[in-house]
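Take a look at the structure below.
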Amino acid sequence: GNKSEDGAAGGGDLSGKIKIDGSSTVFPIMEAVSEEFQAANPDVQAPVGVSGTGGGFEKFVRGELDLANASRPIKDEEKTAAGDKGIEFTEFELAKDGLSVVVSKESDFIDHLTVDELKKMWLEEGKVKTWKDVRPEWPAEKIEFFSPGTDSGTFDYWNEAILEEKPMRRDAQLSEDDNVLVQGVTGSKNAIGFFGYAYYQANKDKLKAVPIDGGNGPVEPNAETIESGEYAPLSRPLFTYVNNKSLKDNEAVYEYTKFALENAGELASSDTIGYVSLPKEKYEEQMKKLDELAGK
Amino acid sequence: MGLINKESVKKRMGSRIAANGLAKFLFILATGFSLLVLGVLIYRILSQGLPYLSFDFITNFASRMPERAGIWAALLGTIWIMAVTAPVSFILGVGTAIYLEEYAKKNAFTKFVQVNISNLAGVPSIVFGLLGLTIFVRLAGLGSSVLAGGLTMSLLILPVIVVASQEAIRTVPREIREASFGMGATKWQTIRRIVFPAALPGILTGTILALSRAVGETAPLLVLGALAYVAFVPENLLSQFTVLPIQLYNWTSRPQEDFHMLAASGIIILLIILLIMNSIAVLIRNKFHKRF
Amino acid sequence: MVVRENFQLQLEEMKQAIVQISKLTEEALELSVDALKNQDLDKALQIIENDNRINVLEDEINDMAILLIAKQAPVASDLRRIIAAIKISSDIERMADFAVNIAKSTIRIGKQELIKPLEELPNMAYHAIKMLTTATKAYIDEDVALAKELADLDDYVDETYGKIIKELLELMTQNPEHLSQISQLLFVCRYIERTADHATNIAESIIFLVKGKRYGLND
Amino acid sequence: MVVRENFQLQLEEMKQAIVQISKLTEEALELSVDALKNQDLDKALQIIENDNRINVLEDEINDMAILLIAKQAPVASDLRRIIAAIKISSDIERMADFAVNIAKSTIRIGKQELIKPLEELPNMAYHAIKMLTTATKAYIDEDVALAKELADLDDYVDETYGKIIKELLELMTQNPEHLSQISQLLFVCRYIERTADHATNIAESIIFLVKGKRYGLND
Amino acid sequence: MSRDKSNQKSIRSMIQEKKSSRSQSAVMEKVVPKIFLICAIISIFTTLGIVFTLLTETFTFFSRVSIVEFITNTRWFPFTSDENADYGILALVMGTLTVTAIAMVVAIPVGLAAAIYLSEYASAKTRKVIKPILEVLAGVPTIVYGFFALTFVTPLLDKIIPGGISIFNALSPGIVVGIMIIPMIASLSEDAMNAVPNSMREGAMALGATRFEVAIKVVLPAALSGVIASFVLGISRAIGETMIVTIAGGSRPTADINVTESIQTMTAYIVQVSQGDTGFGTTIYYSIYAVGMTLFLFTLIMNLLAQFISRKFREEY
Amino acid sequence: MDITINKQMVQKDKKNQEFTPVFNINNLNLWYGQDHALKDIKFDIPEKQVTAIIGPSGCGKSTFIKTLNRMVEMVPIVRMSGEIVYRDKNIFDPKYGVEELRTQVGMVFQKPNPFPKSIYDNVAYGPRIHGIKNKKVLDEVVEKSLRGAAIWDEVKDRLNENAYGLSGGQQQRLCIARCLAIEPDVILMDEPTSALDPISTLKVEELVQELKKDYSIVIVTHNMQQAARISDRTAFFLNGEVVEYTDTSTLFSNPSDKRTEDYITGRFG
Amino acid sequence: MDITINKQMVQKDKKNQEFTPVFNINNLNLWYGQDHALKDIKFDIPEKQVTAIIGPSGCGKSTFIKTLNRMVEMVPIVRMSGEIVYRDKNIFDPKYGVEELRTQVGMVFQKPNPFPKSIYDNVAYGPRIHGIKNKKVLDEVVEKSLRGAAIWDEVKDRLNENAYGLSGGQQQRLCIARCLAIEPDVILMDEPTSALDPISTLKVEELVQELKKDYSIVIVTHNMQQAARISDRTAFFLNGEVVEYTDTSTLFSNPSDKRTEDYITGRFG
Ligand SMILES: Nc1ncnc2c1ncn2[C@@H]1O[C@H](COP(=O)(O)OP(=O)(O)OP(=O)(O)O)[C@@H](O)[C@H]1O
Ligand SMILES: Nc1ncnc2c1ncn2[C@@H]1O[C@H](COP(=O)(O)OP(=O)(O)OP(=O)(O)O)[C@@H](O)[C@H]1O
Ligand SMILES: [Mg+2]
Ligand SMILES: [Mg+2]
Ligand SMILES: O=P([O-])([O-])[O-]
């Protein structure tokens, strides 16, 4: 990496171990951060785990981690648990992930979908069986639904933004593995599904992203529309939570977090990761917070 | 004489031979089917994985850039885990087997241990992951270290080794034990100098096959908290680690096609490792086959 | 359950062969005495001719014994039975030879008138033949007591033998013209004595067969 | 590699025992002829006494044979060797008995002057003894050719026997006072003839032992 | 053979002298079995550990969800608000059983046929080559099988089956789990059949039996306990199989059996949750322990069954 | 009993060179790979007699007997040349299937090898594979065969018990019964008593002598005494060759070959 | 060779009732659970002679021989009463360890049971477990023992090869050598030739007769002929009892008990 020179925050004599775990969605970003950070600071060990957001938090609230990656904000139960153990933490947003609603390439009749249509389609008590039930002019073909596991941050966000916390239909195909969803939607003509923007981007040739009309006309998901927030409401933030105590006690953690905030945007939006960077100001703001916490 | 009608026996001969031919065809077909599936699998893996397979692939750490990514950390992690698992499971497994076969009296306790072991052999590996997390990572405070992972794996394959060792010890003929006792050897002398060396090939074969199962295991280590991105090799037993299957699993779940191909390359390496281990087992098995 | 039936059968066959040879020998001896008494030369010649059958039978018994030993590896009483068969058949064959010898003497005496009608000699002979019959019976029944009785019978023969020899020697002095005839009778007397001895030998063999111990009846 | 060494050793021991009994018997026969010739009654008594040793030895050979069969389950030539040993020892023992018989005759003749010096009779006897020696040699070497020669030797004995008997009968008519002595000599002559017959029997046994076939030398 | 007397003395007396060292080994005699006993006890502690790990959390789970519902409800849908959630284990159990059944339908005939071929027809050379190859099949990581099911078998089935098949279904992973188990059944059955003494085959052949008759009427019955044991082990393995069903089976638990539709197995559920975002301390979090416990009980029953069966079918020879 | 019987016995022993052969073997050669295991065997096997094969370990006894029902072909590396004629049929004739041959030529093995089934099923196995299903016929066959093998009385009350509950000797007789059940013409026995104790051995020996009334029997045995006891003719094999083949009495009392003599008298090595 | 030798041979066979015993067994009873396997055994085993034990299967031969070195105690359900005195020491005396007893009383088993080690290591095993480590001493012991077991010439060039490469007969002689290596006083043999071919059997038999010059030997055998051939004294066991125990010649030519006679002549059943 040519990043190593300008990213050399600590000048190379830094050492220590950093414990990072959590969301698999955030993993590619943190992997990239670690890779670059370690290239600059060979004596620092910053491995990244993927226990999932929930698994990450479980460890985090026990004090087993320095950083917990999350694709959703921390829940109340988890906060309480952290409180019980006396763990104090800070949330940092690293990048954004656009949820792409995709259909098979063969479904050329679909030009866009509104948020309401999505809601109607995905709700449990929804009467939607065929495309015709969505819009009368569409064919009466049975729709197949694909969704990330109900246990994923992606789903959580969908739940919030589209379903508004109402139960989702139970005949949707769920999978924790977004590649599996890609396969699913590619493989069936009348399928619809949603997953992270990165998965769409990597499979553009096989899938068709549906423009979403959030009230301001149909918007297609791409780097600009997501970064600008134009693609609404389906872009979600990706976080990392830092243990305040580690930040103070472990110089490496501080340097690492700072490095992450400096580089996350650029790394996340690279081709091999496929997320969207936050606006610059957002990172600077967070960096300040970081310095305060660390007492720098 | 005369209850058997020689004529009808002769007449039936043709159809019986035909039935044999048909059955043989079907049996070959079934065997061929399995081999065909294996062929397809291997073909798919090779066609995907070969392009990325290189020396660098083996010696590089993982990277976000597919062309720079390698499996060094995972490979060494796997070796480290095996370095813990192999001796621990071997010692515990053989010890248990020796106890059960040589020392234990035929009582309820022994029977219970026996049933318990064969039951453990059937417990899904993911459950062992939960166990390892609770006992080694948390209670024992080892963290998600090589040691915790190795111990968990040890417990996972322990029953297999015990059963294989028992089998091996049982095939040591009673006669040669008697020969040893007959010369005034004590029980321990007999076990150490006769029974154990004689059973060793069987034990080793069983152990290697069990280890090769452990090499491919993903679920328990995932639960345990093994890491996915590691850019260093473990330094000691308390180091954090990743292993091959986790690295592969991680790559397969990436959106980009390139990572899927990396995974295929990794699978080739994993298969080669398994192949080597199996070959060693087969070698041992053949070399010491039917010694008694 | 009795096993080795086949072996038992063969032992039985061998026994029957001995009974057979013994019967033939008895007949031969009786005939020979009759021929001597009646100076029946044809009969005498007949005896000599018949002897071959007995010789062959002895050989057969020997062969049977050897085959049985080779094939059956007998031990203990089975073995003693076979060895006894060899010995007994040899004794009996020898007795048959004496019948032939008597017949030959008869022929040598020819039609020449006997110096006196033979009485004691045939009696002694019948006695000896009875000993053979007794021995055969003892053999069939493996009867040790009966076998032992033979020793007593033999004592009688020995006694008579002494008497007859003495008498014949006296007759010699009295009838020098019949020296040849009398010396033939001397020999016959000797043959009969030997016949009885062989019967005693058979008795010894029977005792050995049954008891597994040697027991001298001749001493 | 020769196995069953122990068995071979025991067979050898048995053979030696037969050689031994044969030697003793030769001696006895020689002594008996000497005693007869020289009218040496002490010698004659000695022979009778010594005979017991030979009887015992025959029993021992029999026992050895039976034990060997029981313990070693011999077949083929081994078996024939043992059976032959039984038969040969029995023949030899019988020969030793003839020595005793001759000794007894010697005693019966006593110091009574012999009607004529014995010449032909001892010669015939020596010939018969030589037959035993030859037989023993043939046995030791398992020499079939030598054994077959015995048949010829026996022919000579038979011939001589006829002559001597005739001569003795003539002597009888000439010397009626010596009837008793001559009849004893008649018997002795007969004994010697029988001795030679037994030697021929031994030859037959040897041929059987080696060839496994019966071969009639007496006919 | 002459023996050197002085030397004889020396060995015998040397042995006598070394008698003292025997007291030291007497200590070993006492200590060693105790050490091994401890090894044996570790296996019991493992089970206790599992039960303890599973039970504590399972208790918490059942304090929130009634055990009656757990057993009687036929629907499993935890990812919704707590009041709407369904925790009917039957749906997961049916998924597991469906996959297991399909796997067995594939693995038993094919595995057994391969075993019969290898042990009764193939030459020693062929056997020596094929058996290790099949064992490689058993060693292929299960993720590979998972994607094989999803990207190869499912599309294939979709073409074959009239009316098509869902992208996630029970059939495809069932078949692939079956394929994965074939080598295990083939290998173990072959071992069992190989252990049948050749003398028995010869006995039958000498009566004029064909190889097929020998295999079916003599060898198979004689090896039955081992063969059945391999089936049972295969079933345990199918029940416990995780990755294949997670990838290709979908995650829609249902108690209705339709092999062309998506299902979820117990193991897949555990993976789903432990990979997911479930908050620590939520009911869902505890539910995986309850499911794990159920799975544990299942394998326990299978194992006891296996032991019972192999005892029952053991033909003494 | 008459003397003629004795004569017959001796006579028969002396020369039974003329007999009806069931097997004519001519110039039989057999190789295991490079190993020439049978060399130019010429051999006629008589009908309704017991033919014994003796010889040191590895001389080819088992190999020879197994060629007669082509069981030897189970060894993959076997090659053969020469001719074996069974009752005017060349056994290697492809038209004459090996299954058919084996139905005519039964075999009993060294170690008793009953199937792990009931006693009844063991005996019924042969008839069943040959298509006999009628229960009554099977019952009859089973009883007759067990009687024929002199084991009926010992097992008649436990026909449904597993054959492995029987003693070794009983098992071997059961195997003989199993063989009788298909009514073979010839029975081959490869050291049938070498795994049995002396009493069981005697029983099997008696049985063999009983069986020769109806069957032609070829028996391989390590035990010379046994060959001597029960056979009519004996062949002595050495290094794959037939050194001597003659009637048993002659072979054991007066063998014509020095090597035979050495072997049977234990002078071998 | 002189006649006296013959006499001695017969004599010795006739009465060797007086001997120095190495074992005195008195009122020995043994049960396997409820099964009374040895009943009131009274038995003296002579020094430097071969004592054979014969009897039908299951009569207790092996059980008896195994009590002599207490190997029978490996069966957990065994109970014993009575006395076994080995050279004035009660073998059940707790002060007299069983390992020590077994060092004095070696054993050779039915099936050749070499250890799966090299020939050398097999023979050196005994001395080694008894603490002898000196390589020179071991070399010497190995050679001497192998010579003693008449197998040295056959194996001297392959001492480091695995013992399982030997033939059955060689293996059995190796086992005897292994037993000789600890220089026992008594050697127990439980049917040492029942798994061997006739030639190997003869070799072992010859060896046994050689060994009795230096060792007292007790041999169990199924083969009566063998007992007859090689032993000095023979005991006939029946149903756990000693029916007859006398010198071998007497037992086989003229046994005093009807049951012995019936057994040795094959009239048993
Ligand atoms: N399956 C085989 N493969 C190769 N060689 C064999 C095979 N079976 C036998 N042989 C060889 O053929 C020869 C004859 O063996 P065979 O088994 O016929 O001897 P045998 O006389 O029956 O011996 P034994 O008395 O030990 O049973 C031996 O040299 C043996 O090594
Ligand atoms: N381990 C054991 N447990 C129970 N009973 C036994 C055991 N060993 C032997 N027996 C019984 O003790 C009796 C004597 O057995 P043993 O083995 O001493 O006989 P054997 O004469 O050596 O027979 P074989 O000639 O078959 O070897 C038999 O009834 C047998 O069933
Ligand atoms: Mg053989
Ligand atoms: Mg025994
Ligand atoms: O892995 P997640 O980002 O879906 O928690």
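Letters for chains follow the order of the structure tokens (A, B, ...), residue numbers begin at 1 for each chain, and ligand numbers begin at 1 in the order shown.
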
Neighbours of Cys175 in chain F within 7 Å (only C-alpha atoms; same-chain residues fewer than 5 positions away dropped), as a CSV table (one decimal) with all heavy atoms, in the first residue's frame?
```csv
chain,number,residue,atom,x,y,z
F,108,VAL,N,-15.7,-78.3,1.8
F,108,VAL,CA,-15.7,-78.1,3.2
F,108,VAL,C,-14.3,-77.5,3.6
F,108,VAL,O,-13.3,-78.0,3.0
F,108,VAL,CB,-15.9,-79.4,4.0
F,108,VAL,CG1,-15.8,-79.2,5.5
F,108,VAL,CG2,-17.3,-79.9,3.6
F,112,PRO,N,-14.2,-74.3,10.5
F,112,PRO,CA,-15.6,-74.4,10.3
F,112,PRO,C,-16.1,-73.0,9.9
F,112,PRO,O,-15.7,-72.0,10.6
F,112,PRO,CB,-16.2,-74.8,11.6
F,112,PRO,CG,-15.0,-75.4,12.3
F,112,PRO,CD,-13.8,-74.8,11.8
F,113,ASN,N,-16.9,-72.9,8.9
F,113,ASN,CA,-17.3,-71.5,8.5
F,113,ASN,C,-18.8,-71.4,8.3
F,113,ASN,O,-19.3,-71.1,7.2
F,113,ASN,CB,-16.6,-71.1,7.2
F,113,ASN,CG,-16.8,-72.0,6.1
F,113,ASN,OD1,-17.4,-73.1,6.2
F,113,ASN,ND2,-16.4,-71.6,4.9
F,114,PRO,N,-19.6,-71.8,9.3
F,114,PRO,CA,-21.0,-71.6,9.1
F,114,PRO,C,-21.4,-70.1,8.9
F,114,PRO,O,-20.6,-69.3,9.3
F,114,PRO,CB,-21.6,-72.1,10.5
F,114,PRO,CG,-20.5,-72.1,11.4
F,114,PRO,CD,-19.2,-72.2,10.6
```

Expected answer as a PyMOL selection string: chain C residues within 10 Å of chain G, only C-alpha atoms: chain C and resi 1-5+7-8+72-80+209-213

Those residues with N, CA, C and O atoms, as a PDB file, in the first residue's frame please?
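File written: part34.pdb
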```pdb
ATOM      1  N   MET C   1     -20.751 -93.033  23.302  1.00  0.00           N
ATOM      2  CA  MET C   1     -20.678 -93.239  21.862  1.00  0.00           C
ATOM      3  C   MET C   1     -19.315 -93.823  21.486  1.00  0.00           C
ATOM      4  O   MET C   1     -18.273 -93.355  21.907  1.00  0.00           O
ATOM      5  N   VAL C   2     -19.362 -94.827  20.691  1.00  0.00           N
ATOM      6  CA  VAL C   2     -18.115 -95.438  20.260  1.00  0.00           C
ATOM      7  C   VAL C   2     -17.677 -94.796  18.965  1.00  0.00           C
ATOM      8  O   VAL C   2     -18.434 -94.721  18.011  1.00  0.00           O
ATOM      9  N   VAL C   3     -16.494 -94.297  18.953  1.00  0.00           N
ATOM     10  CA  VAL C   3     -16.001 -93.769  17.698  1.00  0.00           C
ATOM     11  C   VAL C   3     -14.989 -94.726  17.107  1.00  0.00           C
ATOM     12  O   VAL C   3     -14.792 -95.819  17.598  1.00  0.00           O
ATOM     13  N   ARG C   4     -14.353 -94.348  16.041  1.00  0.00           N
ATOM     14  CA  ARG C   4     -13.410 -95.208  15.323  1.00  0.00           C
ATOM     15  C   ARG C   4     -14.025 -96.560  15.012  1.00  0.00           C
ATOM     16  O   ARG C   4     -13.390 -97.602  15.181  1.00  0.00           O
ATOM     17  N   GLU C   5     -15.270 -96.553  14.599  1.00  0.00           N
ATOM     18  CA  GLU C   5     -15.974 -97.782  14.268  1.00  0.00           C
ATOM     19  C   GLU C   5     -15.205 -98.580  13.249  1.00  0.00           C
ATOM     20  O   GLU C   5     -15.141 -99.802  13.312  1.00  0.00           O
ATOM     21  N   PHE C   7     -12.096 -98.704  12.631  1.00  0.00           N
ATOM     22  CA  PHE C   7     -10.952 -99.363  13.245  1.00  0.00           C
ATOM     23  C   PHE C   7     -11.418-100.610  13.998  1.00  0.00           C
ATOM     24  O   PHE C   7     -10.847-101.697  13.876  1.00  0.00           O
ATOM     25  N   GLN C   8     -12.486-100.450  14.766  1.00  0.00           N
ATOM     26  CA  GLN C   8     -13.002-101.580  15.528  1.00  0.00           C
ATOM     27  C   GLN C   8     -13.402-102.717  14.597  1.00  0.00           C
ATOM     28  O   GLN C   8     -13.151-103.885  14.873  1.00  0.00           O
ATOM     29  N   GLN C  72      -3.683 -96.780  11.738  1.00  0.00           N
ATOM     30  CA  GLN C  72      -4.485 -96.386  12.894  1.00  0.00           C
ATOM     31  C   GLN C  72      -3.662 -95.966  14.104  1.00  0.00           C
ATOM     32  O   GLN C  72      -4.241 -95.518  15.102  1.00  0.00           O
ATOM     33  N   ALA C  73      -2.350 -96.132  14.026  1.00  0.00           N
ATOM     34  CA  ALA C  73      -1.514 -95.752  15.161  1.00  0.00           C
ATOM     35  C   ALA C  73      -2.124 -96.195  16.482  1.00  0.00           C
ATOM     36  O   ALA C  73      -2.416 -95.380  17.352  1.00  0.00           O
ATOM     37  N   PRO C  74      -2.300 -97.483  16.643  1.00  0.00           N
ATOM     38  CA  PRO C  74      -2.972 -97.952  17.854  1.00  0.00           C
ATOM     39  C   PRO C  74      -2.082 -97.839  19.080  1.00  0.00           C
ATOM     40  O   PRO C  74      -0.855 -97.828  18.966  1.00  0.00           O
ATOM     41  N   VAL C  75      -2.713 -97.742  20.222  1.00  0.00           N
ATOM     42  CA  VAL C  75      -1.970 -97.754  21.492  1.00  0.00           C
ATOM     43  C   VAL C  75      -2.686 -98.704  22.441  1.00  0.00           C
ATOM     44  O   VAL C  75      -3.763 -99.202  22.144  1.00  0.00           O
ATOM     45  N   ALA C  76      -2.058 -98.867  23.597  1.00  0.00           N
ATOM     46  CA  ALA C  76      -2.658 -99.636  24.684  1.00  0.00           C
ATOM     47  C   ALA C  76      -3.244-100.960  24.194  1.00  0.00           C
ATOM     48  O   ALA C  76      -2.613-101.669  23.418  1.00  0.00           O
ATOM     49  N   SER C  77      -4.453-101.294  24.637  1.00  0.00           N
ATOM     50  CA  SER C  77      -4.983-102.621  24.335  1.00  0.00           C
ATOM     51  C   SER C  77      -5.131-102.851  22.842  1.00  0.00           C
ATOM     52  O   SER C  77      -4.942-103.966  22.366  1.00  0.00           O
ATOM     53  N   ASP C  78      -5.485-101.810  22.099  1.00  0.00           N
ATOM     54  CA  ASP C  78      -5.592-101.983  20.649  1.00  0.00           C
ATOM     55  C   ASP C  78      -4.272-102.469  20.068  1.00  0.00           C
ATOM     56  O   ASP C  78      -4.249-103.389  19.247  1.00  0.00           O
ATOM     57  N   LEU C  79      -3.226-101.851  20.521  1.00  0.00           N
ATOM     58  CA  LEU C  79      -1.920-102.223  20.016  1.00  0.00           C
ATOM     59  C   LEU C  79      -1.560-103.634  20.439  1.00  0.00           C
ATOM     60  O   LEU C  79      -1.088-104.445  19.647  1.00  0.00           O
ATOM     61  N   ARG C  80      -1.806-103.933  21.697  1.00  0.00           N
ATOM     62  CA  ARG C  80      -1.485-105.278  22.197  1.00  0.00           C
ATOM     63  C   ARG C  80      -2.283-106.325  21.436  1.00  0.00           C
ATOM     64  O   ARG C  80      -1.798-107.407  21.131  1.00  0.00           O
ATOM     65  N   LEU C 209      -2.299-109.712  26.018  1.00  0.00           N
ATOM     66  CA  LEU C 209      -3.277-108.865  25.342  1.00  0.00           C
ATOM     67  C   LEU C 209      -4.215-108.201  26.357  1.00  0.00           C
ATOM     68  O   LEU C 209      -4.466-106.996  26.317  1.00  0.00           O
ATOM     69  N   VAL C 210      -4.697-109.026  27.273  1.00  0.00           N
ATOM     70  CA  VAL C 210      -5.709-108.500  28.196  1.00  0.00           C
ATOM     71  C   VAL C 210      -5.072-107.680  29.310  1.00  0.00           C
ATOM     72  O   VAL C 210      -5.503-106.579  29.619  1.00  0.00           O
ATOM     73  N   LYS C 211      -4.009-108.259  29.875  1.00  0.00           N
ATOM     74  CA  LYS C 211      -3.450-107.638  31.076  1.00  0.00           C
ATOM     75  C   LYS C 211      -2.327-106.647  30.766  1.00  0.00           C
ATOM     76  O   LYS C 211      -1.955-105.856  31.626  1.00  0.00           O
ATOM     77  N   GLY C 212      -1.769-106.786  29.585  1.00  0.00           N
ATOM     78  CA  GLY C 212      -0.632-105.932  29.274  1.00  0.00           C
ATOM     79  C   GLY C 212       0.616-106.377  29.993  1.00  0.00           C
ATOM     80  O   GLY C 212       1.586-105.637  30.078  1.00  0.00           O
ATOM     81  N   LYS C 213       0.549-107.596  30.568  1.00  0.00           N
ATOM     82  CA  LYS C 213       1.746-108.077  31.276  1.00  0.00           C
ATOM     83  C   LYS C 213       2.173-109.417  30.703  1.00  0.00           C
ATOM     84  O   LYS C 213       1.352-110.214  30.294  1.00  0.00           O
TER      85      LYS C 213
END
```

For chain A versus chain B, which residues have an atom no more than 9 Å away, and what is each residue's nearest atom pair and distance in Å rounded to one decimal, using only C-alpha atoms, chain-then-number order, as CSV?
```
residue,atom,partner,partner_atom,distance
A:Ile20,CA,B:Leu227,CA,8.8
A:Asp21,CA,B:Leu227,CA,7.7
A:Ser24,CA,B:Asn250,CA,8.8
A:Phe27,CA,B:Tyr229,CA,8.5
A:Pro28,CA,B:Arg64,CA,7.0
A:Ile29,CA,B:Arg64,CA,8.6
A:Met30,CA,B:Tyr229,CA,8.9
A:Glu31,CA,B:Tyr229,CA,6.1
A:Ala32,CA,B:Arg64,CA,5.6
A:Ser34,CA,B:Ala231,CA,8.4
A:Glu35,CA,B:Ser63,CA,6.7
A:Gln38,CA,B:Ala231,CA,7.9
A:Gln45,CA,B:Phe232,CA,7.1
A:Ala46,CA,B:Val230,CA,7.4
A:Pro47,CA,B:Val230,CA,4.5
A:Val48,CA,B:Tyr229,CA,4.8
A:Gly49,CA,B:Leu227,CA,3.9
A:Val50,CA,B:Ala228,CA,6.1
A:Ser51,CA,B:Gly225,CA,6.5
A:Gly55,CA,B:Gly225,CA,8.9
A:Glu64,CA,B:Gly143,CA,8.1
A:Asp177,CA,B:Ser253,CA,6.1
A:Asp178,CA,B:Ser253,CA,7.0
A:Asn179,CA,B:Ser253,CA,6.0
A:Val180,CA,B:Ser253,CA,8.4
A:Val182,CA,B:Pro255,CA,8.8
A:Ala198,CA,B:Pro255,CA,6.4
A:Tyr199,CA,B:Pro255,CA,4.7
A:Tyr200,CA,B:Pro255,CA,8.0
A:Gln201,CA,B:Pro255,CA,8.2
A:Ala202,CA,B:Gln256,CA,5.2
A:Asn203,CA,B:Pro255,CA,7.7
A:Asp271,CA,B:Gln256,CA,9.0
A:Thr272,CA,B:Met65,CA,6.7
A:Ile273,CA,B:Arg64,CA,7.8
A:Gly274,CA,B:Pro255,CA,8.9
```

Expected answer as a PyMOL selection string: residues within 10 Å of ligand 5, only C-alpha atoms and all ligand atoms: (chain A and resi 22-27+50-56+69-72+148-156+176-178+195-196+238-239) or (chain E and resi 275-278)

Exercise answer, chain F residues close to chain G, 10 Å and only C-alpha atoms, as number ranges by chain: F: 55-57, 194-200, 202-203, 222-224, 263, 266-269

Interface residues on chain B facing chain G, 7 Å, only C-alpha atoms, written as a PyMOL selection string: chain B and resi 175-176+179+182-186+194+198+291

7 Å contact set for Ile126 in chain B, only C-alpha atoms, chain neighbours under 2 positions out, as JSON, numbers by chain: {"B": [124, 128, 129, 130, 219, 220]}

Those selected residues, please, written with N, CA and C atoms and delivered as a tab-separated table (two decimals), in the first residue's frame.
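What ended up in result35.tsv:
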```
chain	number	residue	atom	x	y	z
B	124	PRO	N	-22.88	-32.31	17.81
B	124	PRO	CA	-22.49	-31.40	16.74
B	124	PRO	C	-21.34	-30.49	17.18
B	128	PHE	N	-19.66	-27.89	20.72
B	128	PHE	CA	-18.34	-27.82	21.34
B	128	PHE	C	-17.82	-26.38	21.33
B	129	GLY	N	-18.20	-25.65	20.28
B	129	GLY	CA	-17.82	-24.24	20.25
B	129	GLY	C	-18.39	-23.50	21.45
B	130	LEU	N	-19.65	-23.74	21.70
B	130	LEU	CA	-20.29	-23.10	22.86
B	130	LEU	C	-19.57	-23.49	24.14
B	219	ALA	N	-17.12	-24.15	12.42
B	219	ALA	CA	-18.14	-23.66	13.35
B	219	ALA	C	-17.65	-23.45	14.78
B	220	PRO	N	-17.01	-24.45	15.40
B	220	PRO	CA	-16.68	-24.23	16.81
B	220	PRO	C	-15.71	-23.07	17.01
```

What does the list of residues within 10 Å of ligand 1 look like if you count only C-alpha atoms and all ligand atoms, written as an NGL selection string? (:F and (30-38 or 53-67 or 72-78 or 110 or 190-191 or 220-223 or 237-240)) or (:G and (196-198))

To one decimal place, how far is CA of Gly86 in chain A from CA of Leu131 in chain B in Å?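 Separation of CA of Gly86 in chain A and CA of Leu131 in chain B: 26.3 Å.
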
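Applying a distance limit of 8 Å to only C-alpha atoms, the residues of chain E near chain F read Ser123, Ser199, Met200, Glu202, Gly203, Ala204, Met205, Ala206, Leu207, Gly208, Ala209, Thr210, Glu213, Val218, Pro221, Ala222, Glu315, Glu316 and Tyr317 of chain E.
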
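Reported to one decimal place, the separation of CA of Gly193 in chain A from CA of Met94 in chain E is 26.3 Å.
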
Exercise: Ile86 in chain C partners within 10 Å, only C-alpha atoms, chain neighbours under 5 positions left out, as a list of chain:residue names: C:Met14, C:Ile18, C:Glu58, C:Asp59, C:Ile61, C:Asn62, C:Asp63, C:Met64, C:Ala65, C:Ile66, C:Arg80, C:Arg81, C:Asp91, C:Ser205, D:Ile83, D:Ile86, D:Lys87
